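**Q** Quick one: the structure is below, questions incoming.
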Amino acid sequence: RYTARHLTNERMWPMSMPCFIEAEDKITLAQFGTSNVGSFKTLYREGLKNRYGALMQTISGVHYNFSLPIEFWQAWANITDEETGKEA
(Lines give C-alpha, C1' and ligand atoms only; values in the text may rest on other atoms or scores of the structure.)
Protein backbone atom coordinates (compact mmCIF):
# COMPACT_ATOMS: atom_id res chain seq x y z
CA ARG A 1 0.00 0.00 0.00
CA TYR A 2 2.81 2.38 0.85
CA THR A 3 4.38 2.03 -2.58
CA ALA A 4 1.06 2.38 -4.40
CA ARG A 5 0.30 5.61 -2.50
CA HIS A 6 3.70 7.12 -3.25
CA LEU A 7 3.97 6.37 -6.96
CA THR A 8 3.61 9.49 -9.05
CA ASN A 9 3.59 8.85 -12.80
CA GLU A 10 4.02 5.09 -12.60
CA ARG A 11 1.66 2.19 -12.25
CA MET A 12 2.03 -1.17 -10.59
CA TRP A 13 1.26 -4.33 -12.59
CA PRO A 14 0.13 -7.11 -10.22
CA MET A 15 1.00 -10.02 -12.52
CA SER A 16 4.38 -11.66 -13.07
CA MET A 17 3.85 -11.72 -16.84
CA PRO A 18 3.78 -8.29 -18.48
CA CYS A 19 0.90 -6.72 -20.35
CA PHE A 20 1.12 -6.39 -24.14
CA ILE A 21 4.17 -4.35 -25.10
CA GLU A 22 4.08 -2.91 -28.58
CA ALA A 23 7.82 -2.75 -29.24
CA GLU A 24 10.96 -3.70 -27.33
CA ASP A 25 12.51 -0.29 -27.99
CA LYS A 26 9.81 1.20 -25.71
CA ILE A 27 11.24 -0.71 -22.71
CA THR A 28 13.52 1.47 -20.60
CA LEU A 29 16.42 -0.35 -18.96
CA ALA A 30 16.64 0.07 -15.18
CA GLN A 31 19.25 2.63 -14.06
CA PHE A 32 21.04 2.12 -10.75
CA GLY A 33 23.16 5.26 -10.46
CA THR A 34 26.82 6.01 -11.03
CA SER A 35 28.43 4.18 -8.10
CA ASN A 36 30.52 1.10 -8.87
CA VAL A 37 27.71 -1.18 -7.70
CA GLY A 38 25.08 0.82 -9.59
CA SER A 39 27.15 0.82 -12.77
CA PHE A 40 27.68 -2.94 -12.49
CA LYS A 41 23.95 -3.57 -12.06
CA THR A 42 23.13 -1.44 -15.11
CA LEU A 43 25.86 -3.11 -17.19
CA TYR A 44 24.61 -6.54 -16.10
CA ARG A 45 21.10 -5.71 -17.30
CA GLU A 46 22.44 -4.37 -20.58
CA GLY A 47 24.13 -7.74 -21.06
CA LEU A 48 20.86 -9.55 -20.32
CA LYS A 49 19.08 -7.29 -22.81
CA ASN A 50 21.66 -8.11 -25.50
CA ARG A 51 21.52 -11.82 -24.72
CA TYR A 52 17.78 -12.38 -24.21
CA GLY A 53 16.04 -9.20 -25.36
CA ALA A 54 14.46 -6.40 -23.34
CA LEU A 55 11.09 -8.14 -23.15
CA MET A 56 12.51 -10.93 -20.98
CA GLN A 57 13.45 -8.36 -18.33
CA THR A 58 9.83 -7.29 -17.93
CA ILE A 59 8.92 -10.64 -16.38
CA SER A 60 8.87 -10.30 -12.62
CA GLY A 61 7.33 -11.70 -9.50
CA VAL A 62 8.06 -13.88 -6.54
CA HIS A 63 8.48 -17.53 -7.42
CA TYR A 64 8.92 -20.42 -5.02
CA ASN A 65 10.80 -23.63 -5.72
CA PHE A 66 10.11 -26.60 -3.52
CA SER A 67 10.36 -30.36 -3.67
CA LEU A 68 7.73 -32.86 -2.65
CA PRO A 69 8.79 -36.00 -0.78
CA ILE A 70 8.94 -39.36 -2.60
CA GLU A 71 5.91 -40.52 -0.59
CA PHE A 72 3.80 -37.87 -2.31
CA TRP A 73 4.79 -39.10 -5.77
CA GLN A 74 4.11 -42.70 -4.79
CA ALA A 75 0.63 -41.74 -3.56
CA TRP A 76 0.07 -39.64 -6.70
CA ALA A 77 1.02 -42.58 -8.91
CA ASN A 78 -1.54 -44.74 -7.10
CA ILE A 79 -4.41 -42.38 -7.92
CA THR A 80 -3.49 -41.26 -11.45
CA ASP A 81 -3.24 -42.89 -14.83
CA GLU A 82 0.42 -43.22 -15.72
CA GLU A 83 -0.12 -42.37 -19.40
CA THR A 84 -2.27 -39.25 -19.07
CA GLY A 85 -1.54 -38.01 -15.56
CA LYS A 86 -5.31 -37.71 -14.96
CA GLU A 87 -7.15 -39.24 -12.03
CA ALA A 88 -7.75 -42.94 -12.59
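If you're wondering about the labels, chains in the C-alpha coordinates are A, B, ... by order shown, residues count from 1 in each chain, ligands from 1 in order shown.
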What are the DSSP helix (DSSP H, G or I) residues of region 21-60 of chain A, as number ranges by chain?
**A** A: 24-26, 36-52, 54-58
**Q** Taking N, CA and C atoms for each residue, export the selection above as an mmCIF file, in the first residue's frame.
**A**
```cif
data_model
loop_
_atom_site.group_PDB
_atom_site.id
_atom_site.type_symbol
_atom_site.label_atom_id
_atom_site.label_comp_id
_atom_site.auth_asym_id
_atom_site.auth_seq_id
_atom_site.Cartn_x
_atom_site.Cartn_y
_atom_site.Cartn_z
ATOM 1 N N GLU A 24 9.909 -3.588 -28.336
ATOM 2 C CA GLU A 24 10.965 -3.698 -27.326
ATOM 3 C C GLU A 24 11.719 -2.391 -27.128
ATOM 4 N N ASP A 25 11.779 -1.547 -28.144
ATOM 5 C CA ASP A 25 12.514 -0.289 -27.988
ATOM 6 C C ASP A 25 11.788 0.698 -27.063
ATOM 7 N N LYS A 26 10.558 0.375 -26.658
ATOM 8 C CA LYS A 26 9.812 1.203 -25.705
ATOM 9 C C LYS A 26 10.155 0.842 -24.254
ATOM 10 N N ASN A 36 29.999 2.337 -8.277
ATOM 11 C CA ASN A 36 30.524 1.100 -8.867
ATOM 12 C C ASN A 36 29.458 0.010 -8.889
ATOM 13 N N VAL A 37 28.753 -0.156 -7.779
ATOM 14 C CA VAL A 37 27.713 -1.183 -7.697
ATOM 15 C C VAL A 37 26.575 -0.854 -8.659
ATOM 16 N N GLY A 38 26.153 0.412 -8.682
ATOM 17 C CA GLY A 38 25.080 0.822 -9.586
ATOM 18 C C GLY A 38 25.459 0.629 -11.043
ATOM 19 N N SER A 39 26.682 0.996 -11.390
ATOM 20 C CA SER A 39 27.150 0.816 -12.773
ATOM 21 C C SER A 39 27.190 -0.652 -13.156
ATOM 22 N N PHE A 40 27.632 -1.496 -12.216
ATOM 23 C CA PHE A 40 27.679 -2.936 -12.488
ATOM 24 C C PHE A 40 26.276 -3.487 -12.729
ATOM 25 N N LYS A 41 25.322 -3.079 -11.897
ATOM 26 C CA LYS A 41 23.948 -3.567 -12.060
ATOM 27 C C LYS A 41 23.373 -3.156 -13.415
ATOM 28 N N THR A 42 23.618 -1.913 -13.815
ATOM 29 C CA THR A 42 23.128 -1.445 -15.110
ATOM 30 C C THR A 42 23.800 -2.206 -16.249
ATOM 31 N N LEU A 43 25.120 -2.379 -16.162
ATOM 32 C CA LEU A 43 25.862 -3.110 -17.190
ATOM 33 C C LEU A 43 25.382 -4.557 -17.289
ATOM 34 N N TYR A 44 25.116 -5.165 -16.133
ATOM 35 C CA TYR A 44 24.615 -6.542 -16.100
ATOM 36 C C TYR A 44 23.290 -6.642 -16.855
ATOM 37 N N ARG A 45 22.397 -5.693 -16.616
ATOM 38 C CA ARG A 45 21.100 -5.714 -17.297
ATOM 39 C C ARG A 45 21.221 -5.407 -18.786
ATOM 40 N N GLU A 46 22.193 -4.589 -19.153
ATOM 41 C CA GLU A 46 22.444 -4.367 -20.582
ATOM 42 C C GLU A 46 22.882 -5.669 -21.248
ATOM 43 N N GLY A 47 23.709 -6.443 -20.538
ATOM 44 C CA GLY A 47 24.131 -7.744 -21.059
ATOM 45 C C GLY A 47 22.956 -8.691 -21.219
ATOM 46 N N LEU A 48 22.056 -8.713 -20.223
ATOM 47 C CA LEU A 48 20.858 -9.554 -20.321
ATOM 48 C C LEU A 48 19.990 -9.121 -21.500
ATOM 49 N N LYS A 49 19.874 -7.811 -21.684
ATOM 50 C CA LYS A 49 19.083 -7.291 -22.811
ATOM 51 C C LYS A 49 19.679 -7.755 -24.138
ATOM 52 N N ASN A 50 21.003 -7.678 -24.260
ATOM 53 C CA ASN A 50 21.661 -8.112 -25.497
ATOM 54 C C ASN A 50 21.518 -9.617 -25.711
ATOM 55 N N ARG A 51 21.568 -10.367 -24.629
ATOM 56 C CA ARG A 51 21.515 -11.823 -24.719
ATOM 57 C C ARG A 51 20.104 -12.338 -24.960
ATOM 58 N N TYR A 52 19.138 -11.813 -24.200
ATOM 59 C CA TYR A 52 17.781 -12.382 -24.213
ATOM 60 C C TYR A 52 16.707 -11.442 -24.743
ATOM 61 N N ALA A 54 15.000 -7.239 -24.411
ATOM 62 C CA ALA A 54 14.463 -6.398 -23.345
ATOM 63 C C ALA A 54 13.169 -6.964 -22.770
ATOM 64 N N LEU A 55 12.383 -7.620 -23.597
ATOM 65 C CA LEU A 55 11.087 -8.136 -23.151
ATOM 66 C C LEU A 55 11.239 -9.139 -22.004
ATOM 67 N N MET A 56 12.297 -9.943 -22.042
ATOM 68 C CA MET A 56 12.510 -10.935 -20.980
ATOM 69 C C MET A 56 12.706 -10.272 -19.619
ATOM 70 N N GLN A 57 13.208 -9.042 -19.596
ATOM 71 C CA GLN A 57 13.452 -8.358 -18.329
ATOM 72 C C GLN A 57 12.184 -7.760 -17.733
ATOM 73 N N THR A 58 11.090 -7.805 -18.472
ATOM 74 C CA THR A 58 9.833 -7.286 -17.933
ATOM 75 C C THR A 58 9.092 -8.335 -17.113
#
```
**Q** Between CA of Ile27 (chain A) and CA of Ile59 (chain A), what distance in Å does the model show, to one decimal?
**A**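 A separation of 12.0 Å between them.
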**Q** State, in Å with one decimal place, the distance from CA of Thr8 (chain A) to CA of Ser35 (chain A).
**A** 25.4 Å
**Q** Rounded to one decimal, what separation in Å do you get between CA of Leu29 (chain A) and CA of Gly53 (chain A)?
**A**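 If I compute the distance from CA of Leu29 (chain A) to CA of Gly53 (chain A), I get 10.9 Å.
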